[in-house]
Every structure is written in C-alpha cells, then in structure tokens.
>>> print(open('query.pdb').read())   # PDB, C-alpha atoms and all ligand atoms
ATOM      1  CA  MET A   1      -8.243   8.638 -31.208
ATOM      2  CA  THR A   2      -5.079  10.363 -30.076
ATOM      3  CA  ASP A   3      -3.474   9.129 -26.900
ATOM      4  CA  LEU A   4      -3.535  11.775 -24.202
ATOM      5  CA  PRO A   5      -0.337  12.109 -22.218
ATOM      6  CA  ARG A   6      -0.880  10.578 -18.803
ATOM      7  CA  GLY A   7      -1.515  13.195 -16.096
ATOM      8  CA  LYS A   8       0.926  13.815 -13.269
ATOM      9  CA  PHE A   9       0.400  11.987 -10.008
ATOM     10  CA  ILE A  10       1.530  13.929  -6.967
ATOM     11  CA  THR A  11       1.029  13.064  -3.333
ATOM     12  CA  LEU A  12       1.340  15.099  -0.173
ATOM     13  CA  GLU A  13       2.707  13.363   2.900
ATOM     14  CA  GLY A  14       3.773  14.077   6.448
ATOM     15  CA  GLY A  15       2.962  13.368  10.085
ATOM     16  CA  GLU A  16       0.204  14.977  12.135
ATOM     17  CA  GLY A  17       0.018  18.769  12.247
ATOM     18  CA  VAL A  18       2.513  19.415   9.429
ATOM     19  CA  GLY A  19       0.079  21.703   7.556
ATOM     20  CA  LYS A  20      -1.169  19.348   4.821
ATOM     21  CA  SER A  21      -4.594  20.973   4.508
ATOM     22  CA  THR A  22      -3.288  24.526   4.181
ATOM     23  CA  ASN A  23      -0.654  23.480   1.685
ATOM     24  CA  LEU A  24      -3.109  21.380  -0.322
ATOM     25  CA  GLN A  25      -5.198  24.493  -0.760
ATOM     26  CA  PHE A  26      -2.118  26.293  -1.978
ATOM     27  CA  ILE A  27      -1.345  23.512  -4.486
ATOM     28  CA  THR A  28      -4.867  23.372  -5.899
ATOM     29  CA  HIS A  29      -4.956  27.161  -6.187
ATOM     30  CA  TRP A  30      -1.636  27.025  -8.070
ATOM     31  CA  LEU A  31      -3.071  24.433 -10.494
ATOM     32  CA  ARG A  32      -6.304  26.364 -11.053
ATOM     33  CA  GLU A  33      -4.368  29.532 -11.837
ATOM     34  CA  ARG A  34      -2.561  27.649 -14.603
ATOM     35  CA  ASP A  35      -5.699  25.962 -15.939
ATOM     36  CA  ILE A  36      -4.276  22.545 -15.206
ATOM     37  CA  ASP A  37      -7.069  19.984 -15.043
ATOM     38  CA  PHE A  38      -6.761  17.964 -11.847
ATOM     39  CA  VAL A  39      -8.552  15.726  -9.399
ATOM     40  CA  GLN A  40      -8.016  16.300  -5.698
ATOM     41  CA  THR A  41      -8.475  13.238  -3.564
ATOM     42  CA  ARG A  42      -7.252  11.568  -0.384
ATOM     43  CA  GLU A  43      -6.314   8.326   1.298
ATOM     44  CA  PRO A  44      -7.626   6.393   2.944
ATOM     45  CA  GLY A  45     -10.735   7.363   0.979
ATOM     46  CA  GLY A  46     -11.623   8.974  -2.314
ATOM     47  CA  THR A  47     -14.602   6.743  -3.260
ATOM     48  CA  PRO A  48     -17.749   5.885  -1.249
ATOM     49  CA  LEU A  49     -16.451   2.435  -0.295
ATOM     50  CA  ALA A  50     -12.935   3.682   0.458
ATOM     51  CA  GLU A  51     -14.385   6.498   2.603
ATOM     52  CA  GLN A  52     -16.304   3.881   4.604
ATOM     53  CA  LEU A  53     -13.072   1.981   5.109
ATOM     54  CA  ARG A  54     -11.473   5.266   6.211
ATOM     55  CA  THR A  55     -14.149   5.683   8.878
ATOM     56  CA  LEU A  56     -13.503   2.133  10.088
ATOM     57  CA  LEU A  57      -9.752   2.767  10.178
ATOM     58  CA  LEU A  58      -9.878   6.121  11.945
ATOM     59  CA  GLU A  59     -12.581   5.637  14.542
ATOM     60  CA  LYS A  60     -11.455   4.854  18.043
ATOM     61  CA  ARG A  61     -12.628   1.486  19.329
ATOM     62  CA  GLU A  62     -12.345  -0.719  22.415
ATOM     63  CA  GLU A  63     -11.021  -3.670  20.419
ATOM     64  CA  ALA A  64      -7.284  -3.544  19.681
ATOM     65  CA  VAL A  65      -6.785  -3.353  15.912
ATOM     66  CA  ASP A  66      -4.444  -5.989  14.567
ATOM     67  CA  PRO A  67      -1.725  -4.209  12.541
ATOM     68  CA  THR A  68      -2.054  -6.649   9.630
ATOM     69  CA  ALA A  69      -5.836  -6.095   9.566
ATOM     70  CA  GLU A  70      -5.111  -2.351   9.480
ATOM     71  CA  LEU A  71      -2.636  -2.802   6.637
ATOM     72  CA  LEU A  72      -5.068  -4.866   4.557
ATOM     73  CA  MET A  73      -7.858  -2.338   5.067
ATOM     74  CA  VAL A  74      -5.564   0.443   3.880
ATOM     75  CA  PHE A  75      -4.760  -1.506   0.721
ATOM     76  CA  ALA A  76      -8.408  -2.530   0.208
ATOM     77  CA  ALA A  77      -9.332   1.160   0.199
ATOM     78  CA  ARG A  78      -6.397   1.883  -2.119
ATOM     79  CA  ALA A  79      -7.413  -0.776  -4.665
ATOM     80  CA  GLN A  80     -10.886   0.749  -4.874
ATOM     81  CA  HIS A  81      -9.518   4.275  -5.081
ATOM     82  CA  LEU A  82      -7.055   3.379  -7.830
ATOM     83  CA  SER A  83      -9.581   1.680 -10.084
ATOM     84  CA  GLY A  84     -12.414   4.117  -9.366
ATOM     85  CA  VAL A  85     -10.594   7.462  -9.375
ATOM     86  CA  ILE A  86      -6.828   7.630  -9.779
ATOM     87  CA  ILE A  87      -6.234   5.468 -12.849
ATOM     88  CA  PRO A  88      -9.163   6.897 -14.867
ATOM     89  CA  ALA A  89      -8.104  10.482 -14.042
ATOM     90  CA  LEU A  90      -4.478   9.927 -15.048
ATOM     91  CA  ALA A  91      -5.585   8.169 -18.234
ATOM     92  CA  ALA A  92      -7.752  11.194 -19.065
ATOM     93  CA  GLY A  93      -4.652  13.397 -18.818
ATOM     94  CA  LYS A  94      -5.614  14.963 -15.489
ATOM     95  CA  TRP A  95      -3.237  15.569 -12.641
ATOM     96  CA  VAL A  96      -4.069  13.698  -9.463
ATOM     97  CA  VAL A  97      -3.284  15.473  -6.211
ATOM     98  CA  CYS A  98      -3.633  12.950  -3.431
ATOM     99  CA  ASP A  99      -3.540  13.731   0.277
ATOM    100  CA  ARG A 100      -1.432  10.717   1.381
ATOM    101  CA  PHE A 101      -0.792   7.492  -0.506
ATOM    102  CA  THR A 102       1.416   4.426  -0.090
ATOM    103  CA  ASP A 103       4.276   6.335   1.543
ATOM    104  CA  ALA A 104       1.890   6.797   4.468
ATOM    105  CA  THR A 105       1.580   3.012   4.663
ATOM    106  CA  TYR A 106       5.362   2.631   4.831
ATOM    107  CA  ALA A 107       5.474   5.379   7.469
ATOM    108  CA  TYR A 108       2.475   4.478   9.660
ATOM    109  CA  GLN A 109       2.098   0.702   9.266
ATOM    110  CA  GLY A 110       5.792   0.082   8.522
ATOM    111  CA  GLY A 111       7.462   2.668  10.775
ATOM    112  CA  GLY A 112       4.758   3.302  13.378
ATOM    113  CA  ARG A 113       3.361  -0.223  13.751
ATOM    114  CA  GLY A 114       6.606  -1.991  12.905
ATOM    115  CA  LEU A 115       5.195  -4.174  10.106
ATOM    116  CA  ASP A 116       7.548  -5.824   7.646
ATOM    117  CA  ARG A 117       8.390  -3.459   4.778
ATOM    118  CA  GLY A 118       8.720  -6.465   2.458
ATOM    119  CA  LEU A 119       5.048  -7.316   3.029
ATOM    120  CA  ILE A 120       4.067  -3.719   2.294
ATOM    121  CA  ALA A 121       6.145  -3.778  -0.886
ATOM    122  CA  GLU A 122       4.434  -7.008  -1.994
ATOM    123  CA  LEU A 123       0.971  -5.539  -1.471
ATOM    124  CA  GLU A 124       2.044  -2.330  -3.192
ATOM    125  CA  GLN A 125       3.108  -4.281  -6.266
ATOM    126  CA  LYS A 126      -0.047  -6.432  -6.289
ATOM    127  CA  VAL A 127      -2.452  -3.512  -5.860
ATOM    128  CA  GLN A 128      -0.678  -0.829  -7.883
ATOM    129  CA  GLY A 129       1.340  -2.757 -10.430
ATOM    130  CA  ASP A 130       4.047  -0.322 -11.500
ATOM    131  CA  LEU A 131       2.030   2.804 -10.701
ATOM    132  CA  ARG A 132       3.864   5.113  -8.303
ATOM    133  CA  PRO A 133       3.456   8.851  -7.674
ATOM    134  CA  ASP A 134       5.565  10.979 -10.007
ATOM    135  CA  ARG A 135       6.486  13.157  -7.074
ATOM    136  CA  VAL A 136       5.963  12.880  -3.331
ATOM    137  CA  LEU A 137       5.921  16.163  -1.443
ATOM    138  CA  LEU A 138       6.970  15.368   2.108
ATOM    139  CA  LEU A 139       6.216  18.011   4.726
ATOM    140  CA  ASP A 140       8.788  17.249   7.382
ATOM    141  CA  LEU A 141       8.336  18.471  10.950
ATOM    142  CA  ASP A 142       9.447  17.506  14.436
ATOM    143  CA  PRO A 143       6.407  15.622  15.836
ATOM    144  CA  VAL A 144       6.659  17.541  19.112
ATOM    145  CA  ILE A 145       5.666  20.657  17.166
ATOM    146  CA  GLY A 146       3.254  18.749  14.883
ATOM    147  CA  LEU A 147       1.317  17.275  17.787
ATOM    148  CA  GLN A 148       1.040  20.705  19.441
ATOM    149  CA  ARG A 149      -0.394  22.108  16.216
ATOM    150  CA  ALA A 150      -2.741  19.133  15.702
ATOM    151  CA  ALA A 151      -4.014  19.369  19.302
ATOM    152  CA  THR A 152      -5.775  22.603  18.431
ATOM    153  CA  THR A 153      -7.771  21.116  15.536
ATOM    154  CA  GLY A 154     -10.580  18.998  17.002
ATOM    155  CA  GLU A 155     -10.928  15.588  18.617
ATOM    156  CA  ALA A 156      -8.117  13.078  18.053
ATOM    157  CA  ASP A 157      -8.870  10.012  15.888
ATOM    158  CA  ARG A 158      -7.333   6.539  16.396
ATOM    159  CA  PHE A 159      -4.012   7.529  14.774
ATOM    160  CA  GLU A 160      -3.830  11.001  16.301
ATOM    161  CA  SER A 161      -4.258   9.384  19.715
ATOM    162  CA  GLU A 162      -0.914   7.573  19.404
ATOM    163  CA  GLN A 163       2.057   8.607  21.546
ATOM    164  CA  LEU A 164       5.003  10.757  20.525
ATOM    165  CA  VAL A 165       7.262   7.721  20.005
ATOM    166  CA  PHE A 166       4.870   6.434  17.307
ATOM    167  CA  PHE A 167       5.116   9.731  15.412
ATOM    168  CA  GLU A 168       8.883   9.762  15.767
ATOM    169  CA  LYS A 169       8.964   6.383  14.007
ATOM    170  CA  VAL A 170       6.538   7.673  11.359
ATOM    171  CA  ARG A 171       8.773  10.650  10.677
ATOM    172  CA  ALA A 172      11.931   8.534  10.549
ATOM    173  CA  ALA A 173      10.320   6.139   8.042
ATOM    174  CA  TYR A 174       9.192   9.007   5.800
ATOM    175  CA  ARG A 175      12.637  10.606   5.898
ATOM    176  CA  GLU A 176      14.361   7.335   5.177
ATOM    177  CA  ARG A 177      12.270   6.833   2.045
ATOM    178  CA  ALA A 178      12.806  10.405   0.882
ATOM    179  CA  GLU A 179      16.549  10.192   1.424
ATOM    180  CA  ALA A 180      16.743   6.885  -0.467
ATOM    181  CA  SER A 181      15.095   8.319  -3.634
ATOM    182  CA  PRO A 182      15.770  12.073  -3.769
ATOM    183  CA  SER A 183      14.609  12.354  -7.387
ATOM    184  CA  ARG A 184      11.059  11.237  -6.543
ATOM    185  CA  TYR A 185      10.670  12.955  -3.178
ATOM    186  CA  ALA A 186      10.748  16.621  -2.354
ATOM    187  CA  MET A 187      11.472  17.149   1.309
ATOM    188  CA  VAL A 188       9.936  20.369   2.561
ATOM    189  CA  ASP A 189      10.959  21.732   5.960
ATOM    190  CA  ALA A 190       7.532  22.537   7.403
ATOM    191  CA  ALA A 191       8.964  24.263  10.486
ATOM    192  CA  ARG A 192       9.669  27.363   8.392
ATOM    193  CA  PRO A 193       7.174  30.215   7.950
ATOM    194  CA  LEU A 194       4.309  29.358   5.603
ATOM    195  CA  ALA A 195       5.493  31.763   2.890
ATOM    196  CA  ALA A 196       8.839  29.964   2.640
ATOM    197  CA  VAL A 197       7.158  26.545   2.537
ATOM    198  CA  GLN A 198       4.815  27.685  -0.213
ATOM    199  CA  GLN A 199       7.597  29.260  -2.240
ATOM    200  CA  GLN A 200       9.356  25.900  -2.221
ATOM    201  CA  LEU A 201       6.117  24.118  -3.169
ATOM    202  CA  ALA A 202       5.611  26.518  -6.085
ATOM    203  CA  ASP A 203       9.168  25.844  -7.298
ATOM    204  CA  ILE A 204       8.576  22.099  -7.108
ATOM    205  CA  LEU A 205       5.264  22.387  -8.973
ATOM    206  CA  GLU A 206       6.997  24.388 -11.738
ATOM    207  CA  THR A 207       9.496  21.576 -12.159
ATOM    208  CA  ILE A 208       6.785  18.920 -12.258
ATOM    209  CA  ALA A 209       4.758  20.871 -14.803
ATOM    210  CA  ALA A 210       7.830  21.379 -16.987
ATOM    211  CA  ALA A 211       8.819  17.685 -16.930
ATOM    212  CA  PRO A 212       7.769  15.606 -19.967
TER
HETATM  213  P1  LIG B   1      -5.411  12.437   7.561
HETATM  214  O1  LIG B   1      -5.607  12.248   6.101
HETATM  215  O2  LIG B   1      -6.395  13.335   8.180
HETATM  216  O3  LIG B   1      -4.011  12.764   7.928
HETATM  217  O4  LIG B   1      -5.766  11.048   8.269
HETATM  218  C1  LIG B   1      -5.462   9.852   7.737
HETATM  219  C2  LIG B   1      -4.824   8.977   8.789
HETATM  220  O5  LIG B   1      -4.642   7.683   8.237
HETATM  221  C3  LIG B   1      -3.465   9.489   9.233
HETATM  222  O6  LIG B   1      -3.392   9.446  10.630
HETATM  223  C4  LIG B   1      -2.507   8.484   8.653
HETATM  224  C5  LIG B   1      -3.326   7.237   8.445
HETATM  225  N1  LIG B   1      -2.897   6.432   7.298
HETATM  226  C6  LIG B   1      -2.230   5.256   7.527
HETATM  227  O7  LIG B   1      -2.029   4.869   8.660
HETATM  228  N2  LIG B   1      -1.816   4.513   6.448
HETATM  229  C7  LIG B   1      -2.035   4.908   5.158
HETATM  230  O8  LIG B   1      -1.631   4.218   4.214
HETATM  231  C8  LIG B   1      -2.730   6.142   4.938
HETATM  232  C9  LIG B   1      -2.997   6.603   3.536
HETATM  233  C10 LIG B   1      -3.130   6.880   6.034
END
>>> encode(input="query.pdb", output="structure tokens")
Amino acid sequence: MTDLPRGKFITLEGGEGVGKSTNLQFITHWLRERDIDFVQTREPGGTPLAEQLRTLLLEKREEAVDPTAELLMVFAARAQHLSGVIIPALAAGKWVVCDRFTDATYAYQGGGRGLDRGLIAELEQKVQGDLRPDRVLLLDLDPVIGLQRAATTGEADRFESEQLVFFEKVRAAYRERAEASPSRYAMVDAARPLAAVQQQLADILETIAAAP
C-alpha cells in the first residue's frame, strides 16, 4: 500500500463577530472548486460526545464554572475529536478545515480566563502529541466592532455573554501568538470589506495548497 501524503490541517480563529461562518463558507467553496477532498469540522465539537461537551461548555448556568474545569472539558472534547475525526482524515490525505482549535484555548482560557499558558501547553502536548495546524487563519477585529456584529445574530451563549474586557484579552492573546510565529499564522484584518478579506484568504489557500 502506498503511503498517502498527510492532508493539510487548517484552522480558523478569531473573537466573536469576526465573520468566521461567512469566511468558512468561502474556504470550503474554494476547496470544492479545486476538487480538494476535505473534512469541515469545529471545536468544541465535531463528534457526538464532543458536541455534548460543547453544549455543556456553552450553555449559560447559575453555577460559576471553574476555569480549570472549563479547560479540561475543552481538552476532553479535543481528544475525542482528534482520535475520531481529525487524525483519521489527515491520514487519509484529506484536508481538515476546523472552526477553532487549540489557539482558541490559549486565547479564551489563557487570555480571557487568565489560566497559566504552561498548563495549556502541557495539555496540548499530552492530547495532541506533536500535531499542530499547518496554518492558522486568524481573523483579527476590534472586539467593539465584533460584539456589535455578534449582537445581531441570536441569543448570547456563556462566552458571548462576557464583557468587552474579556474579548480584549482574547484578541491580545491571539495576536501575541500570531506575532510570535508568523510562518504558521496568517493574520487577516477582518475590519476590511469582505471582498478584500476573501482575496487574502484565497491567496493564503493558494500558498497552502502549493506547499509540499
Ligand atoms: P463558536 O464556535 O460559535 O465561536 O463558539 C465556540 C465558543 O467556545 C467560543 O465562544 C470560544 C469558545 N472556545 C473556548 O473557550 N476554548 C476553546 O478551546 C474553543 C475551541 C472554543
């Protein structure tokens, strides 16, 4: 049996209201047009168990959620998602397009909740081994604008109900990671008109597809 080349693993990240859904549609359309076989998935979620954990994480509740409990639930969902969906797809040579992944943990649990990045890095290594996204597409937007956009799209979940200062920390953490590893992150200024954002995304996708 010939070894298939591993598929490309790309993730889409950003705070609330940055336009992830619209741009995901653009990305999957771009892949379909080129006959690239891919799996579209999301975190937290992507398998029945991980989707149940997502519901537990996102629903608003009376009880205050301990940040470490939140972190462990995120990684529990991720472990299931990796073994059930992501790793098999990549091994079969498919691209994996994931709406959020571990960068969201660094941004939300690390930046937003203030948890120790070292602990996140330890869990990342335990759960993922050396697997990291090939490319992280970060939609960057001032949270003042993001929250205005998100306010028009249905009832707020437990994360969306956080205050502006939380989302400022989330954005800062994302940007810090992107600036530290510019070869793995593509920072996309999501404040620009959609056509400009999507032109940049198309250029990035071309580069990913051309890479060995
Ligand atoms: P979304 O996919 O609709 O943006 O919702 C997922 C929410 O979960 C979002 O508010 C960010 C949050 N989240 C974390 O806090 N940590 C994580 O590791 C991930 C993947 C998501």
>>> closest_residue(input="query.pdb", among="A:Ala191, A:Leu58, A:Ala186, A:Ile145", to="Thr207 of chain A", atoms="all atoms listed in the file")
A:Ala186
>>> atom_distance(input="query.pdb", atom1="atom CA of Arg54 of chain A", atom2="atom CA of Phe75 of chain A")
11.0 Å
>>> closest_residue(input="query.pdb", among="A:Ala190, A:Ala77, A:Ala104, A:Ala173", to="ligand LIG 1 (chain B)", atoms="all atoms listed in the file")
A:Ala104
>>> residues_around(input="query.pdb", residues="segment 31-45 of chain A", least_positions_apart="4", cutoff="10 Å", atoms="all atoms listed in the file", output="PyMOL selection string")
chain A and resi 7-12+24-27+49-55+57-58+73-78+80-81+85-86+89-90+92-102+104-105+202+205+209
>>> closest_residue(input="query.pdb", among="A:Arg6, A:Arg171, A:Arg132, A:Lys20", to="ligand LIG 1 (chain B)", atoms="only C-alpha atoms and all ligand atoms")
A:Lys20
>>> residues_near_point(input="query.pdb", point="(5.1, 3.0, 6.9)", cutoff="12 Å", atoms="only C-alpha atoms", output="compact mmCIF listing (two decimals) with C-alpha atoms, in the coordinates of the input")
# COMPACT_ATOMS: atom_id res chain seq x y z
CA GLU A 13 2.71 13.36 2.90
CA GLY A 14 3.77 14.08 6.45
CA GLY A 15 2.96 13.37 10.09
CA PRO A 67 -1.72 -4.21 12.54
CA GLU A 70 -5.11 -2.35 9.48
CA LEU A 71 -2.64 -2.80 6.64
CA VAL A 74 -5.56 0.44 3.88
CA ARG A 100 -1.43 10.72 1.38
CA PHE A 101 -0.79 7.49 -0.51
CA THR A 102 1.42 4.43 -0.09
CA ASP A 103 4.28 6.34 1.54
CA ALA A 104 1.89 6.80 4.47
CA THR A 105 1.58 3.01 4.66
CA TYR A 106 5.36 2.63 4.83
CA ALA A 107 5.47 5.38 7.47
CA TYR A 108 2.48 4.48 9.66
CA GLN A 109 2.10 0.70 9.27
CA GLY A 110 5.79 0.08 8.52
CA GLY A 111 7.46 2.67 10.78
CA GLY A 112 4.76 3.30 13.38
CA ARG A 113 3.36 -0.22 13.75
CA GLY A 114 6.61 -1.99 12.90
CA LEU A 115 5.20 -4.17 10.11
CA ASP A 116 7.55 -5.82 7.65
CA ARG A 117 8.39 -3.46 4.78
CA GLY A 118 8.72 -6.46 2.46
CA LEU A 119 5.05 -7.32 3.03
CA ILE A 120 4.07 -3.72 2.29
CA ALA A 121 6.14 -3.78 -0.89
CA GLU A 124 2.04 -2.33 -3.19
CA PHE A 166 4.87 6.43 17.31
CA PHE A 167 5.12 9.73 15.41
CA GLU A 168 8.88 9.76 15.77
CA LYS A 169 8.96 6.38 14.01
CA VAL A 170 6.54 7.67 11.36
CA ARG A 171 8.77 10.65 10.68
CA ALA A 172 11.93 8.53 10.55
CA ALA A 173 10.32 6.14 8.04
CA TYR A 174 9.19 9.01 5.80
CA ARG A 175 12.64 10.61 5.90
CA GLU A 176 14.36 7.34 5.18
CA ARG A 177 12.27 6.83 2.04
>>> closest_residue(input="query.pdb", among="A:Asn23, A:Ser161, A:Thr28, A:Gln148", to="ligand LIG 1 (chain B)", atoms="only C-alpha atoms and all ligand atoms")
A:Ser161
>>> atom_distance(input="query.pdb", atom1="atom C6 of ligand LIG 1 (chain B)", atom2="atom CA of Phe159 of chain A")
7.8 Å
>>> atom_distance(input="query.pdb", atom1="atom CA of Pro48 of chain A", atom2="atom CA of Ala69 of chain A")
20.1 Å
>>> axis_aligned_box(input="query.pdb", around="segment 45-59 of chain A", padding_each_side="4 Å", output="JSON")
{"center_x": -13.8, "center_y": 5.5, "center_z": 5.6, "size_x": 16.0, "size_y": 15.0, "size_z": 25.8}
>>> closest_residue(input="query.pdb", among="A:Tyr185, A:Val65, A:Trp30, A:Leu82", to="Gln128 of chain A", atoms="all atoms listed in the file")
A:Leu82
>>> closest_residue(input="query.pdb", among="A:Ala79, A:Ala64, A:Pro193, A:Leu201", to="Val127 of chain A", atoms="only C-alpha atoms")
A:Ala79
>>> residues_around(input="query.pdb", residues="Met187 of chain A", least_positions_apart="6", cutoff="8 Å", atoms="only C-alpha atoms", output="VMD selection string")
chain A and resid 137 to 140 178
>>> residues_near_point(input="query.pdb", point="(-0.6, 22.5, 10.1)", cutoff="9 Å", atoms="only C-alpha atoms", output="count of residues only")
12
>>> decode(input="query.pdb", residues="segment 161-182 of chain A", atoms="N, CA, C and O atoms", output="CSV table (one decimal), in the first residue's frame")
chain,number,residue,atom,x,y,z
A,161,SER,N,-21.6,36.1,26.4
A,161,SER,CA,-22.1,37.0,27.4
A,161,SER,C,-21.0,37.7,28.2
A,161,SER,O,-21.3,38.4,29.2
A,162,GLU,N,-19.8,37.4,28.0
A,162,GLU,CA,-18.7,38.0,28.7
A,162,GLU,C,-18.6,39.5,28.3
A,162,GLU,O,-19.2,39.9,27.3
A,163,GLN,N,-17.9,40.3,29.1
A,163,GLN,CA,-17.7,41.7,28.9
A,163,GLN,C,-16.6,42.0,27.9
A,163,GLN,O,-15.8,41.2,27.6
A,164,LEU,N,-16.6,43.3,27.4
A,164,LEU,CA,-15.7,43.7,26.5
A,164,LEU,C,-14.2,43.4,26.9
A,164,LEU,O,-13.4,43.0,26.1
A,165,VAL,N,-13.9,43.6,28.2
A,165,VAL,CA,-12.5,43.4,28.6
A,165,VAL,C,-12.1,42.0,28.4
A,165,VAL,O,-10.9,41.7,28.1
A,166,PHE,N,-13.0,41.0,28.6
A,166,PHE,CA,-12.6,39.6,28.3
A,166,PHE,C,-12.2,39.5,26.8
A,166,PHE,O,-11.2,38.9,26.5
A,167,PHE,N,-13.0,40.1,25.9
A,167,PHE,CA,-12.7,39.9,24.5
A,167,PHE,C,-11.4,40.7,24.1
A,167,PHE,O,-10.8,40.3,23.1
A,168,GLU,N,-11.1,41.7,24.8
A,168,GLU,CA,-9.9,42.4,24.5
A,168,GLU,C,-8.7,41.5,24.9
A,168,GLU,O,-7.7,41.5,24.2
A,169,LYS,N,-8.8,40.8,26.0
A,169,LYS,CA,-7.8,39.9,26.4
A,169,LYS,C,-7.7,38.7,25.4
A,169,LYS,O,-6.6,38.2,25.1
A,170,VAL,N,-8.8,38.3,24.9
A,170,VAL,CA,-8.8,37.2,23.9
A,170,VAL,C,-8.1,37.6,22.7
A,170,VAL,O,-7.2,36.9,22.1
A,171,ARG,N,-8.4,38.8,22.2
A,171,ARG,CA,-7.8,39.3,21.0
A,171,ARG,C,-6.3,39.5,21.2
A,171,ARG,O,-5.5,39.1,20.3
A,172,ALA,N,-5.9,40.0,22.3
A,172,ALA,CA,-4.5,40.3,22.6
A,172,ALA,C,-3.7,38.9,22.6
A,172,ALA,O,-2.6,38.8,22.0
A,173,ALA,N,-4.3,37.9,23.2
A,173,ALA,CA,-3.7,36.6,23.3
A,173,ALA,C,-3.5,36.0,21.8
A,173,ALA,O,-2.5,35.4,21.5
A,174,TYR,N,-4.5,36.1,21.0
A,174,TYR,CA,-4.5,35.6,19.7
A,174,TYR,C,-3.3,36.3,18.9
A,174,TYR,O,-2.5,35.7,18.2
A,175,ARG,N,-3.3,37.6,19.0
A,175,ARG,CA,-2.3,38.4,18.3
A,175,ARG,C,-0.9,38.1,18.7
A,175,ARG,O,0.0,38.0,17.9
A,176,GLU,N,-0.8,37.9,20.0
A,176,GLU,CA,0.5,37.6,20.6
A,176,GLU,C,1.1,36.3,19.9
A,176,GLU,O,2.2,36.2,19.5
A,177,ARG,N,0.2,35.3,19.9
A,177,ARG,CA,0.6,34.0,19.3
A,177,ARG,C,0.9,34.2,17.8
A,177,ARG,O,1.9,33.6,17.3
A,178,ALA,N,0.1,34.9,17.1
A,178,ALA,CA,0.3,35.1,15.7
A,178,ALA,C,1.6,35.8,15.4
A,178,ALA,O,2.4,35.5,14.5
A,179,GLU,N,1.9,36.8,16.2
A,179,GLU,CA,3.1,37.6,16.0
A,179,GLU,C,4.4,36.8,16.4
A,179,GLU,O,5.4,37.0,15.8
A,180,ALA,N,4.2,35.9,17.3
A,180,ALA,CA,5.4,35.1,17.7
A,180,ALA,C,5.8,34.0,16.7
A,180,ALA,O,6.9,33.6,16.6
A,181,SER,N,4.8,33.6,15.9
A,181,SER,CA,5.1,32.5,14.8
A,181,SER,C,4.5,32.9,13.5
A,181,SER,O,3.6,32.3,13.0
A,182,PRO,N,5.0,34.0,12.9
A,182,PRO,CA,4.4,34.5,11.6
A,182,PRO,C,4.3,33.4,10.5
A,182,PRO,O,3.5,33.5,9.6
